[in-house]
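Quick look at final.cif (mmCIF, C-alpha atoms):
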data_final
#
loop_
_atom_site.group_PDB
_atom_site.id
_atom_site.type_symbol
_atom_site.label_atom_id
_atom_site.label_comp_id
_atom_site.auth_asym_id
_atom_site.auth_seq_id
_atom_site.Cartn_x
_atom_site.Cartn_y
_atom_site.Cartn_z
ATOM 1 C CA MET A 1 29.203 106.973 70.193
ATOM 2 C CA ALA A 2 29.532 109.132 73.309
ATOM 3 C CA GLU A 3 30.747 107.246 76.370
ATOM 4 C CA ASN A 4 28.915 108.959 79.191
ATOM 5 C CA GLU A 5 25.846 110.534 77.681
ATOM 6 C CA LYS A 6 22.448 108.898 77.685
ATOM 7 C CA LEU A 7 21.910 107.028 74.437
ATOM 8 C CA TYR A 8 18.923 107.776 72.247
ATOM 9 C CA TRP A 9 17.749 106.236 68.979
ATOM 10 C CA GLU A 10 19.895 108.731 67.032
ATOM 11 C CA ASP A 11 23.055 107.377 68.698
ATOM 12 C CA PHE A 12 22.793 103.956 67.053
ATOM 13 C CA HIS A 13 24.444 104.368 63.673
ATOM 14 C CA PRO A 14 24.050 101.662 61.016
ATOM 15 C CA GLY A 15 27.431 100.017 60.420
ATOM 16 C CA GLU A 16 28.771 100.952 63.851
ATOM 17 C CA THR A 17 30.077 98.173 66.114
ATOM 18 C CA LEU A 18 30.147 98.031 69.918
ATOM 19 C CA THR A 19 31.932 95.473 72.080
ATOM 20 C CA TYR A 20 30.883 94.589 75.627
ATOM 21 C CA ASP A 21 32.891 93.680 78.700
ATOM 22 C CA GLY A 22 33.252 90.057 79.696
ATOM 23 C CA LYS A 23 31.093 88.276 82.231
ATOM 24 C CA THR A 24 32.316 85.089 83.941
ATOM 25 C CA VAL A 25 29.620 82.490 84.536
ATOM 26 C CA THR A 26 29.524 80.674 87.875
ATOM 27 C CA ARG A 27 28.443 77.131 88.673
ATOM 28 C CA GLU A 28 25.899 78.582 91.126
ATOM 29 C CA GLU A 29 24.228 80.738 88.457
ATOM 30 C CA ILE A 30 23.783 77.754 86.167
ATOM 31 C CA ALA A 31 22.533 75.514 88.968
ATOM 32 C CA GLU A 32 20.066 78.176 90.138
ATOM 33 C CA TYR A 33 18.611 78.752 86.660
ATOM 34 C CA ASN A 34 18.312 74.988 86.151
ATOM 35 C CA ARG A 35 16.563 74.650 89.508
ATOM 36 C CA VAL A 36 13.939 77.226 88.492
ATOM 37 C CA PHE A 37 13.563 76.577 84.750
ATOM 38 C CA GLY A 38 14.853 73.062 84.152
ATOM 39 C CA GLN A 39 18.010 71.460 82.888
ATOM 40 C CA HIS A 40 19.559 71.501 79.518
ATOM 41 C CA PRO A 41 19.230 67.944 78.188
ATOM 42 C CA LEU A 42 22.864 66.901 78.284
ATOM 43 C CA ARG A 43 24.089 66.243 74.804
ATOM 44 C CA GLU A 44 27.485 65.003 75.862
ATOM 45 C CA ASN A 45 28.897 62.246 78.012
ATOM 46 C CA GLY A 46 28.907 62.378 81.769
ATOM 47 C CA ASP A 47 26.991 64.759 83.962
ATOM 48 C CA GLU A 48 29.037 67.865 83.411
ATOM 49 C CA LEU A 49 27.034 70.996 84.135
ATOM 50 C CA ILE A 50 26.091 73.070 81.089
ATOM 51 C CA ALA A 51 23.772 76.051 80.912
ATOM 52 C CA ASN A 52 20.265 75.810 79.529
ATOM 53 C CA GLU A 53 20.400 77.418 76.065
ATOM 54 C CA VAL A 54 17.873 80.034 77.116
ATOM 55 C CA GLN A 55 20.131 81.007 80.019
ATOM 56 C CA ALA A 56 22.930 81.656 77.517
ATOM 57 C CA ALA A 57 20.599 84.194 75.870
ATOM 58 C CA CYS A 58 19.815 85.595 79.331
ATOM 59 C CA PHE A 59 23.549 86.091 80.040
ATOM 60 C CA PHE A 60 23.738 87.970 76.758
ATOM 61 C CA MET A 61 20.748 90.117 77.780
ATOM 62 C CA ARG A 62 22.480 91.034 81.028
ATOM 63 C CA LEU A 63 25.588 92.142 79.121
ATOM 64 C CA LEU A 64 23.403 94.236 76.815
ATOM 65 C CA VAL A 65 21.658 95.927 79.754
ATOM 66 C CA ASP A 66 24.878 96.592 81.704
ATOM 67 C CA ASN A 67 26.792 97.940 78.703
ATOM 68 C CA VAL A 68 24.154 99.758 76.638
ATOM 69 C CA LEU A 69 20.532 99.709 77.744
ATOM 70 C CA SER A 70 21.100 100.944 81.317
ATOM 71 C CA ARG A 71 22.428 104.232 79.920
ATOM 72 C CA SER A 72 19.882 104.487 77.120
ATOM 73 C CA SER A 73 16.271 105.465 76.505
ATOM 74 C CA SER A 74 15.369 101.779 75.935
ATOM 75 C CA MET A 75 11.642 101.085 75.701
ATOM 76 C CA GLY A 76 11.960 97.321 75.376
ATOM 77 C CA SER A 77 12.028 95.157 72.277
ATOM 78 C CA PRO A 78 9.326 93.998 69.879
ATOM 79 C CA GLY A 79 11.202 90.746 69.249
ATOM 80 C CA LEU A 80 13.960 89.086 67.315
ATOM 81 C CA LYS A 81 14.376 87.897 63.756
ATOM 82 C CA SER A 82 16.707 84.978 64.419
ATOM 83 C CA LEU A 83 18.864 83.383 67.090
ATOM 84 C CA ARG A 84 21.260 80.444 66.643
ATOM 85 C CA TRP A 85 23.102 78.547 69.362
ATOM 86 C CA TYR A 86 26.512 77.106 68.461
ATOM 87 C CA HIS A 87 28.476 76.355 71.657
ATOM 88 C CA PRO A 88 27.235 75.522 75.165
ATOM 89 C CA VAL A 89 28.087 77.682 78.199
ATOM 90 C CA ARG A 90 29.881 75.990 81.111
ATOM 91 C CA PRO A 91 30.867 77.166 84.615
ATOM 92 C CA GLY A 92 33.926 79.419 84.448
ATOM 93 C CA ASP A 93 33.321 80.557 80.871
ATOM 94 C CA THR A 94 33.894 84.263 80.265
ATOM 95 C CA LEU A 95 31.402 85.676 77.790
ATOM 96 C CA HIS A 96 31.769 88.821 75.749
ATOM 97 C CA ALA A 97 29.502 90.353 73.158
ATOM 98 C CA ARG A 98 29.623 92.394 70.002
ATOM 99 C CA GLN A 99 26.826 94.464 68.496
ATOM 100 C CA GLU A 100 26.593 95.782 64.959
ATOM 101 C CA THR A 101 23.773 98.202 64.210
ATOM 102 C CA LEU A 102 22.224 97.251 60.850
ATOM 103 C CA ASN A 103 19.336 99.601 60.340
ATOM 104 C CA ARG A 104 17.066 102.084 62.093
ATOM 105 C CA THR A 105 13.561 103.393 61.436
ATOM 106 C CA VAL A 106 11.165 105.763 63.182
ATOM 107 C CA HIS A 107 8.004 104.140 64.548
ATOM 108 C CA PRO A 108 5.330 104.557 61.844
ATOM 109 C CA ARG A 109 2.623 105.807 64.229
ATOM 110 C CA ARG A 110 4.561 107.125 67.248
ATOM 111 C CA PRO A 111 7.186 109.578 66.003
ATOM 112 C CA HIS A 112 8.854 109.932 69.420
ATOM 113 C CA LEU A 113 9.957 106.255 69.196
ATOM 114 C CA GLY A 114 12.340 104.468 66.842
ATOM 115 C CA PHE A 115 13.453 100.916 66.116
ATOM 116 C CA THR A 116 17.059 99.754 65.762
ATOM 117 C CA ASP A 117 17.916 96.424 64.117
ATOM 118 C CA SER A 118 21.182 94.882 65.292
ATOM 119 C CA ARG A 119 23.264 91.770 64.846
ATOM 120 C CA PHE A 120 24.772 90.391 68.058
ATOM 121 C CA GLU A 121 27.413 87.806 68.728
ATOM 122 C CA LEU A 122 28.215 86.193 72.080
ATOM 123 C CA ARG A 123 31.643 84.507 72.321
ATOM 124 C CA ASN A 124 33.474 82.640 75.067
ATOM 125 C CA GLN A 125 37.107 82.958 76.240
ATOM 126 C CA ARG A 126 38.246 80.580 73.470
ATOM 127 C CA ASP A 127 36.618 82.924 70.944
ATOM 128 C CA GLU A 128 34.008 80.288 70.072
ATOM 129 C CA VAL A 129 30.647 81.721 69.064
ATOM 130 C CA VAL A 130 28.063 80.788 71.720
ATOM 131 C CA LEU A 131 25.170 82.417 69.923
ATOM 132 C CA GLU A 132 24.313 84.808 67.121
ATOM 133 C CA MET A 133 21.200 86.914 67.091
ATOM 134 C CA GLU A 134 19.448 89.518 64.968
ATOM 135 C CA SER A 135 16.949 91.540 66.940
ATOM 136 C CA SER A 136 15.208 94.884 67.283
ATOM 137 C CA GLY A 137 15.250 97.469 70.012
ATOM 138 C CA LEU A 138 12.852 100.325 70.698
ATOM 139 C CA PHE A 139 14.267 103.672 71.884
ATOM 140 C CA LEU A 140 13.090 107.227 72.481
ATOM 141 C CA LEU A 141 14.263 109.804 69.972
ATOM 142 C CA ARG A 142 16.316 112.705 71.332
ATOM 143 C CA ASN A 143 14.771 115.095 68.820
ATOM 144 C CA PRO A 144 11.435 113.633 67.692
ATOM 145 C CA ARG A 145 10.264 116.493 65.481
ATOM 146 C CA GLU A 146 13.508 116.845 63.572
ATOM 147 C CA GLU A 147 13.827 113.112 63.017
ATOM 148 C CA SER A 148 10.214 112.156 62.366
ATOM 149 C CA GLY A 149 10.357 113.301 58.777
ATOM 150 C CA THR A 150 13.289 111.054 57.831
ATOM 151 C CA MET B 1 1.769 62.065 85.261
ATOM 152 C CA SER B 2 3.081 63.794 82.201
ATOM 153 C CA ARG B 3 3.391 61.906 78.950
ATOM 154 C CA THR B 4 6.815 61.835 77.314
ATOM 155 C CA LEU B 5 6.593 62.624 73.624
ATOM 156 C CA TYR B 6 9.299 61.253 71.368
ATOM 157 C CA PHE B 7 10.001 62.387 67.850
ATOM 158 C CA GLU B 8 7.783 59.561 66.502
ATOM 159 C CA ASP B 9 4.822 60.883 68.530
ATOM 160 C CA LEU B 10 4.812 64.247 66.768
ATOM 161 C CA GLU B 11 2.407 64.701 63.922
ATOM 162 C CA GLU B 12 2.931 67.408 61.355
ATOM 163 C CA GLY B 13 0.386 70.164 61.921
ATOM 164 C CA ALA B 14 -1.103 68.788 65.161
ATOM 165 C CA ASN B 15 -1.560 71.517 67.741
ATOM 166 C CA LEU B 16 -0.759 70.465 71.305
ATOM 167 C CA GLU B 17 -1.165 72.330 74.582
ATOM 168 C CA TYR B 18 1.991 71.795 76.579
ATOM 169 C CA GLY B 19 0.825 72.979 79.952
ATOM 170 C CA SER B 20 0.735 76.234 81.810
ATOM 171 C CA THR B 21 2.445 78.246 84.479
ATOM 172 C CA THR B 22 1.690 81.309 86.618
ATOM 173 C CA LEU B 23 4.128 84.019 87.627
ATOM 174 C CA SER B 24 4.165 86.539 90.460
ATOM 175 C CA ALA B 25 5.491 90.099 90.795
ATOM 176 C CA ASP B 26 8.320 88.740 92.973
ATOM 177 C CA GLN B 27 9.323 86.221 90.300
ATOM 178 C CA ILE B 28 9.234 88.925 87.595
ATOM 179 C CA LYS B 29 11.502 91.186 89.657
ATOM 180 C CA ALA B 30 13.879 88.398 90.748
ATOM 181 C CA PHE B 31 14.418 87.322 87.142
ATOM 182 C CA ALA B 32 14.910 90.943 86.067
ATOM 183 C CA ARG B 33 17.503 91.565 88.813
ATOM 184 C CA ASP B 34 19.561 88.641 87.492
ATOM 185 C CA TYR B 35 19.207 89.041 83.732
ATOM 186 C CA ASP B 36 17.307 92.139 82.607
ATOM 187 C CA PRO B 37 17.506 94.931 85.216
ATOM 188 C CA GLN B 38 15.513 97.575 83.342
ATOM 189 C CA PRO B 39 13.128 99.769 85.392
ATOM 190 C CA PHE B 40 9.912 98.500 83.764
ATOM 191 C CA HIS B 41 10.759 94.920 84.870
ATOM 192 C CA LEU B 42 11.829 95.909 88.401
ATOM 193 C CA ASP B 43 9.650 98.649 89.773
ATOM 194 C CA GLU B 44 5.881 99.231 89.599
ATOM 195 C CA ASN B 45 6.132 103.027 89.623
ATOM 196 C CA ALA B 46 8.762 103.216 86.889
ATOM 197 C CA ALA B 47 6.809 100.652 84.877
ATOM 198 C CA ARG B 48 3.605 102.707 85.073
ATOM 199 C CA GLU B 49 5.383 105.605 83.345
ATOM 200 C CA SER B 50 6.876 103.354 80.637
ATOM 201 C CA VAL B 51 5.463 102.051 77.351
ATOM 202 C CA PHE B 52 4.415 98.931 79.302
ATOM 203 C CA ARG B 53 2.053 100.960 81.549
ATOM 204 C CA GLY B 54 2.678 98.622 84.471
ATOM 205 C CA LEU B 55 5.107 95.956 85.673
ATOM 206 C CA ALA B 56 5.886 93.498 82.883
ATOM 207 C CA SER B 57 8.126 90.445 82.751
ATOM 208 C CA SER B 58 11.388 90.403 80.840
ATOM 209 C CA GLY B 59 10.852 88.852 77.418
ATOM 210 C CA TRP B 60 13.581 86.342 78.323
ATOM 211 C CA HIS B 61 11.593 85.343 81.398
ATOM 212 C CA THR B 62 8.670 84.545 79.082
ATOM 213 C CA VAL B 63 10.999 82.535 76.806
ATOM 214 C CA SER B 64 12.421 80.678 79.844
ATOM 215 C CA LEU B 65 8.942 79.700 81.041
ATOM 216 C CA THR B 66 7.817 78.721 77.536
ATOM 217 C CA VAL B 67 10.775 76.380 76.983
ATOM 218 C CA GLN B 68 10.299 74.974 80.489
ATOM 219 C CA CYS B 69 6.677 74.085 79.610
ATOM 220 C CA LEU B 70 7.848 72.232 76.488
ATOM 221 C CA ARG B 71 10.435 70.276 78.484
ATOM 222 C CA GLU B 72 8.710 69.419 81.713
ATOM 223 C CA SER B 73 5.066 70.448 81.978
ATOM 224 C CA GLU B 74 2.383 68.353 83.659
ATOM 225 C CA ARG B 75 0.764 67.324 80.380
ATOM 226 C CA TYR B 76 3.607 66.435 78.047
ATOM 227 C CA ARG B 77 7.350 66.577 77.966
ATOM 228 C CA LEU B 78 9.313 66.585 74.732
ATOM 229 C CA ALA B 79 12.052 63.967 75.160
ATOM 230 C CA ASN B 80 15.526 65.537 75.435
ATOM 231 C CA LEU B 81 14.353 68.683 73.688
ATOM 232 C CA ALA B 82 17.405 70.649 72.513
ATOM 233 C CA LEU B 83 17.147 74.080 70.910
ATOM 234 C CA ASP B 84 19.242 74.976 67.880
ATOM 235 C CA GLY B 85 17.633 78.314 67.123
ATOM 236 C CA LEU B 86 14.669 80.676 67.218
ATOM 237 C CA ASP B 87 13.082 82.584 64.341
ATOM 238 C CA ASN B 88 10.578 85.437 64.226
ATOM 239 C CA LEU B 89 10.108 85.874 67.945
ATOM 240 C CA ARG B 90 7.455 88.489 68.797
ATOM 241 C CA TRP B 91 6.745 89.744 72.295
ATOM 242 C CA GLN B 92 3.162 90.735 71.514
ATOM 243 C CA ARG B 93 1.754 91.769 74.874
ATOM 244 C CA PRO B 94 3.231 92.477 78.300
ATOM 245 C CA VAL B 95 3.160 89.577 80.773
ATOM 246 C CA ARG B 96 1.834 90.819 84.118
ATOM 247 C CA PRO B 97 2.036 89.593 87.705
ATOM 248 C CA GLY B 98 -0.573 86.856 88.205
ATOM 249 C CA ASP B 99 -0.820 85.985 84.519
ATOM 250 C CA ARG B 100 -1.359 82.323 83.780
ATOM 251 C CA LEU B 101 0.549 81.386 80.637
ATOM 252 C CA THR B 102 -0.361 78.464 78.398
ATOM 253 C CA VAL B 103 2.014 77.146 75.746
ATOM 254 C CA LEU B 104 0.703 75.770 72.456
ATOM 255 C CA ALA B 105 2.933 74.283 69.789
ATOM 256 C CA THR B 106 2.568 72.816 66.320
ATOM 257 C CA ALA B 107 5.354 70.762 64.744
ATOM 258 C CA THR B 108 6.323 71.287 61.110
ATOM 259 C CA GLU B 109 9.325 70.282 58.988
ATOM 260 C CA LEU B 110 9.738 66.955 60.826
ATOM 261 C CA ARG B 111 12.950 65.192 59.774
ATOM 262 C CA SER B 112 14.091 61.940 61.328
ATOM 263 C CA GLY B 113 17.807 61.809 61.936
ATOM 264 C CA GLY B 114 18.580 58.541 60.084
ATOM 265 C CA ALA B 115 19.920 56.077 62.684
ATOM 266 C CA SER B 116 17.409 55.464 65.474
ATOM 267 C CA SER B 117 19.815 56.902 68.048
ATOM 268 C CA THR B 118 20.036 60.227 66.186
ATOM 269 C CA PRO B 119 17.464 62.778 67.370
ATOM 270 C CA GLY B 120 14.855 63.957 64.904
ATOM 271 C CA SER B 121 14.591 67.635 64.066
ATOM 272 C CA ALA B 122 11.545 69.853 63.770
ATOM 273 C CA ARG B 123 10.376 73.431 63.588
ATOM 274 C CA LEU B 124 7.886 74.131 66.392
ATOM 275 C CA LEU B 125 5.428 76.994 65.864
ATOM 276 C CA ILE B 126 4.881 78.170 69.411
ATOM 277 C CA GLU B 127 2.334 80.528 70.864
ATOM 278 C CA THR B 128 2.274 81.519 74.526
ATOM 279 C CA ARG B 129 -1.103 82.855 75.672
ATOM 280 C CA ASN B 130 -2.381 84.475 78.828
ATOM 281 C CA GLN B 131 -5.518 83.609 80.800
ATOM 282 C CA ALA B 132 -7.596 85.901 78.526
ATOM 283 C CA ASP B 133 -6.443 83.719 75.594
ATOM 284 C CA GLU B 134 -4.410 86.605 74.154
ATOM 285 C CA ALA B 135 -1.066 85.772 72.550
ATOM 286 C CA VAL B 136 1.771 87.267 74.620
ATOM 287 C CA MET B 137 4.559 85.717 72.538
ATOM 288 C CA SER B 138 4.960 83.787 69.316
ATOM 289 C CA VAL B 139 8.123 82.154 68.046
ATOM 290 C CA GLU B 140 9.368 79.409 65.723
ATOM 291 C CA ALA B 141 11.879 77.104 67.416
ATOM 292 C CA LEU B 142 14.341 74.875 65.578
ATOM 293 C CA VAL B 143 14.648 71.830 67.823
ATOM 294 C CA ARG B 144 15.926 68.276 68.146
ATOM 295 C CA ILE B 145 13.886 65.625 69.927
ATOM 296 C CA ALA B 146 14.932 62.106 71.005
ATOM 297 C CA ARG B 147 13.679 59.100 69.028
ATOM 298 C CA ARG B 148 11.550 56.500 70.787
ATOM 299 C CA PRO B 149 13.801 53.888 72.404
ATOM 300 C CA GLU B 150 13.650 50.471 70.741
ATOM 301 C CA GLY B 151 12.991 47.164 72.473
ATOM 302 C CA PRO B 152 10.041 45.349 74.035
ATOM 303 C CA CYS B 153 10.294 47.154 77.355
ATOM 304 C CA ALA B 154 10.449 50.670 75.926
#
Using the file provided, produce a representation of the structure as structure tokens.
Amino acid sequence: MAENEKLYWEDFHPGETLTYDGKTVTREEIAEYNRVFGQHPLRENGDELIANEVQAACFFMRLLVDNVLSRSSSMGSPGLKSLRWYHPVRPGDTLHARQETLNRTVHPRRPHLGFTDSRFELRNQRDEVVLEMESSGLFLLRNPREESGT
Amino acid sequence: MSRTLYFEDLEEGANLEYGSTTLSADQIKAFARDYDPQPFHLDENAARESVFRGLASSGWHTVSLTVQCLRESERYRLANLALDGLDNLRWQRPVRPGDRLTVLATATELRSGGASSTPGSARLLIETRNQADEAVMSVEALVRIARRPEGPCA
């Protein structure tokens, strides 16, 4: 995949893997999300601060935007097939992500758009899997007429 | 006063409304700046030219508000609700500034956790609707919910 060019649907190749830079989570970010959207019900002893599970997915989203979507023709996402949480996120954790493109199809009615299905993994600095997700993205095609017949 | 629902209070197939919430353009943009800085979540003009045809919330903002309603809305709160996973999430319609979202959920696959201190697990079929009663998001959540505390004072 080209490093500096804008990414279109054609640039996501099934079987190809991308890795994203790390992001270190601060205590303030967790506290602020909890203030607005509510706490994670603490599953462990004490009152140690852990991120709401949904915020862990939000941290992943930010990595995806910064590393891929901001330099792409992203048109949003229709949804996700599955997401599983395995390890909580705590202040100071450094998160990194991996994306494997599984499949891609042209939109059945709008041939200038295409879907990509990907499997994502978010891990912390101890290489523990925070979450796994399979989801779809919607992108513009670079060459709609050439690709619409495939 | 919201009513706390424990695992024992859930009935298979019963559809409950878990409360509602409204969001503003400023809230949509603030969330997007932190977690999903794509033009159609940040800027009205860019959004008008996009597939959304106007400013729309990040899908993760909609998920955040939906889970918040399940945990701490004015009507009910699911006791110590913990999420293990999501299946088949669909962002069906854009969420716009001023939209009032209502969260409905039906519990299926209820399984008590054995010992009374072990949370029960369930699959919640969730639909988030706007003020026109259109579904904006649907999702199945795999969750754990606290059991009702024992004792005469509980």
Select from chain B every residue with an atom at most 9 Å from any atom of chain A, then for each give the shortest pair of atoms and their distance in Å to one decimal, using all atoms listed in the file, rows by chain and rising number, as a tab-separated table.
residue	atom	partner	partner_atom	distance
B:Asp34	CA	A:Arg62	CA	7.5
B:Tyr35	CA	A:Arg62	CA	4.7
B:Asp36	CA	A:Arg62	CA	5.5
B:Pro37	CA	A:Val65	CA	6.9
B:Gln38	CA	A:Ser70	CA	6.8
B:Phe40	CA	A:Met75	CA	8.6
B:Ser50	CA	A:Met75	CA	7.2
B:Val51	CA	A:Met75	CA	6.5
B:Phe52	CA	A:Met75	CA	8.4
B:Ser58	CA	A:Gly76	CA	8.8
B:Gly59	CA	A:Ser77	CA	8.2
B:Trp60	CA	A:Cys58	CA	6.4
B:His61	CA	A:Cys58	CA	8.5
B:Val63	CA	A:Val54	CA	7.3
B:Ser64	CA	A:Val54	CA	6.1
B:Leu65	CA	A:Phe37	CA	6.7
B:Val67	CA	A:Val54	CA	8.0
B:Gln68	CA	A:Phe37	CA	5.6
B:Cys69	CA	A:Phe37	CA	8.9
B:Arg71	CA	A:Gly38	CA	7.7
B:Glu72	CA	A:Gly38	CA	7.5
B:Ala79	CA	A:Pro41	CA	8.7
B:Asn80	CA	A:Pro41	CA	5.2
B:Leu81	CA	A:Pro41	CA	6.7
B:Ala82	CA	A:Pro41	CA	6.5
B:Leu83	CA	A:Glu53	CA	6.9
B:Asp84	CA	A:Trp85	CA	5.5
B:Gly85	CA	A:Arg84	CA	4.2
B:Leu86	CA	A:Leu83	CA	5.0
B:Asp87	CA	A:Ser82	CA	4.3
B:Asn88	CA	A:Lys81	CA	4.5
B:Leu89	CA	A:Leu80	CA	5.1
B:Arg90	CA	A:Gly79	CA	4.4
B:Trp91	CA	A:Gly79	CA	5.5
B:Gln92	CA	A:Pro78	CA	7.2
B:Met137	CA	A:Gly79	CA	9.0
B:Leu142	CA	A:Arg84	CA	8.9
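We find atom CA of Tyr6 of chain B and atom CA of Ile126 of chain B to be spaced 17.6 Å apart.
Minimum atom-to-atom distances from A:Asn143, A:Ser136, A:Asn124, A:Thr94 to Asp11 of chain A were compared using only C-alpha atoms, and the lowest value belongs to A:Asn143.
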**Report entry** Reference answer for the PyMOL selection byres ((chain B and resi 9-26) around 7), as a list of chain:residue names
**Finding:** B:Leu5, B:Tyr6, B:Phe7, B:Glu8, B:Gln27, B:Ile28, B:Lys29, B:Ala30, B:Cys69, B:Leu70, B:Ser73, B:Glu74, B:Arg75, B:Tyr76, B:Pro97, B:Gly98, B:Asp99, B:Arg100, B:Leu101, B:Thr102, B:Val103, B:Leu104, B:Ala105, B:Thr106, B:Ala107, B:Thr108, B:Leu110
Report task. Specify as a PyMOL selection string each residue included when the PyMOL selection byres ((chain A and resi 128) around 12) is applied to this file. Result -> chain A and resi 85-89+93-97+121-127+129-132
Go ahead and write the residues just picked, C-alpha atoms, as an mmCIF file, in the frame of the given file.
data_model
loop_
_atom_site.group_PDB
_atom_site.id
_atom_site.type_symbol
_atom_site.label_atom_id
_atom_site.label_comp_id
_atom_site.auth_asym_id
_atom_site.auth_seq_id
_atom_site.Cartn_x
_atom_site.Cartn_y
_atom_site.Cartn_z
ATOM 1 C CA TRP A 85 23.102 78.547 69.362
ATOM 2 C CA TYR A 86 26.512 77.106 68.461
ATOM 3 C CA HIS A 87 28.476 76.355 71.657
ATOM 4 C CA PRO A 88 27.235 75.522 75.165
ATOM 5 C CA VAL A 89 28.087 77.682 78.199
ATOM 6 C CA ASP A 93 33.321 80.557 80.871
ATOM 7 C CA THR A 94 33.894 84.263 80.265
ATOM 8 C CA LEU A 95 31.402 85.676 77.790
ATOM 9 C CA HIS A 96 31.769 88.821 75.749
ATOM 10 C CA ALA A 97 29.502 90.353 73.158
ATOM 11 C CA GLU A 121 27.413 87.806 68.728
ATOM 12 C CA LEU A 122 28.215 86.193 72.080
ATOM 13 C CA ARG A 123 31.643 84.507 72.321
ATOM 14 C CA ASN A 124 33.474 82.640 75.067
ATOM 15 C CA GLN A 125 37.107 82.958 76.240
ATOM 16 C CA ARG A 126 38.246 80.580 73.470
ATOM 17 C CA ASP A 127 36.618 82.924 70.944
ATOM 18 C CA VAL A 129 30.647 81.721 69.064
ATOM 19 C CA VAL A 130 28.063 80.788 71.720
ATOM 20 C CA LEU A 131 25.170 82.417 69.923
ATOM 21 C CA GLU A 132 24.313 84.808 67.121
#
Requested in this report: Pull out every residue that the PyMOL selection byres ((chain B and resi 55) around 7) matches in the shown coordinates and put them as a PyMOL selection string.
Outcome: chain B and resi 40-41+43-44+47-48+54+56-57+96
Using C-alpha atoms, can you export the residues from the last selection as a compact mmCIF listing (two decimals), in the coordinates of the input?
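Result file follows (result.txt):
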# COMPACT_ATOMS: atom_id res chain seq x y z
CA PHE B 40 9.91 98.50 83.76
CA HIS B 41 10.76 94.92 84.87
CA ASP B 43 9.65 98.65 89.77
CA GLU B 44 5.88 99.23 89.60
CA ALA B 47 6.81 100.65 84.88
CA ARG B 48 3.60 102.71 85.07
CA GLY B 54 2.68 98.62 84.47
CA ALA B 56 5.89 93.50 82.88
CA SER B 57 8.13 90.44 82.75
CA ARG B 96 1.83 90.82 84.12
Report task. In Å, rounded to a single decimal, give me how far atom CA of Asn103 of chain A is from atom CA of Gly15 of chain A. Result ->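 A separation of 8.1 Å between them.
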Report task. List every protein, DNA or RNA residue that has at least one atom no more than 8 Å from (31.0, 78.5, 86.7) in the file's coordinates, counting only C-alpha atoms, and write the result as a PyMOL selection string. Result -> chain A and resi 24-30+90-93
Query raised in the report: Hey, can you check how far atom CA of Leu7 of chain A sits from atom CA of Pro39 of chain B?
Result: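 These atoms are spaced 15.8 Å apart.
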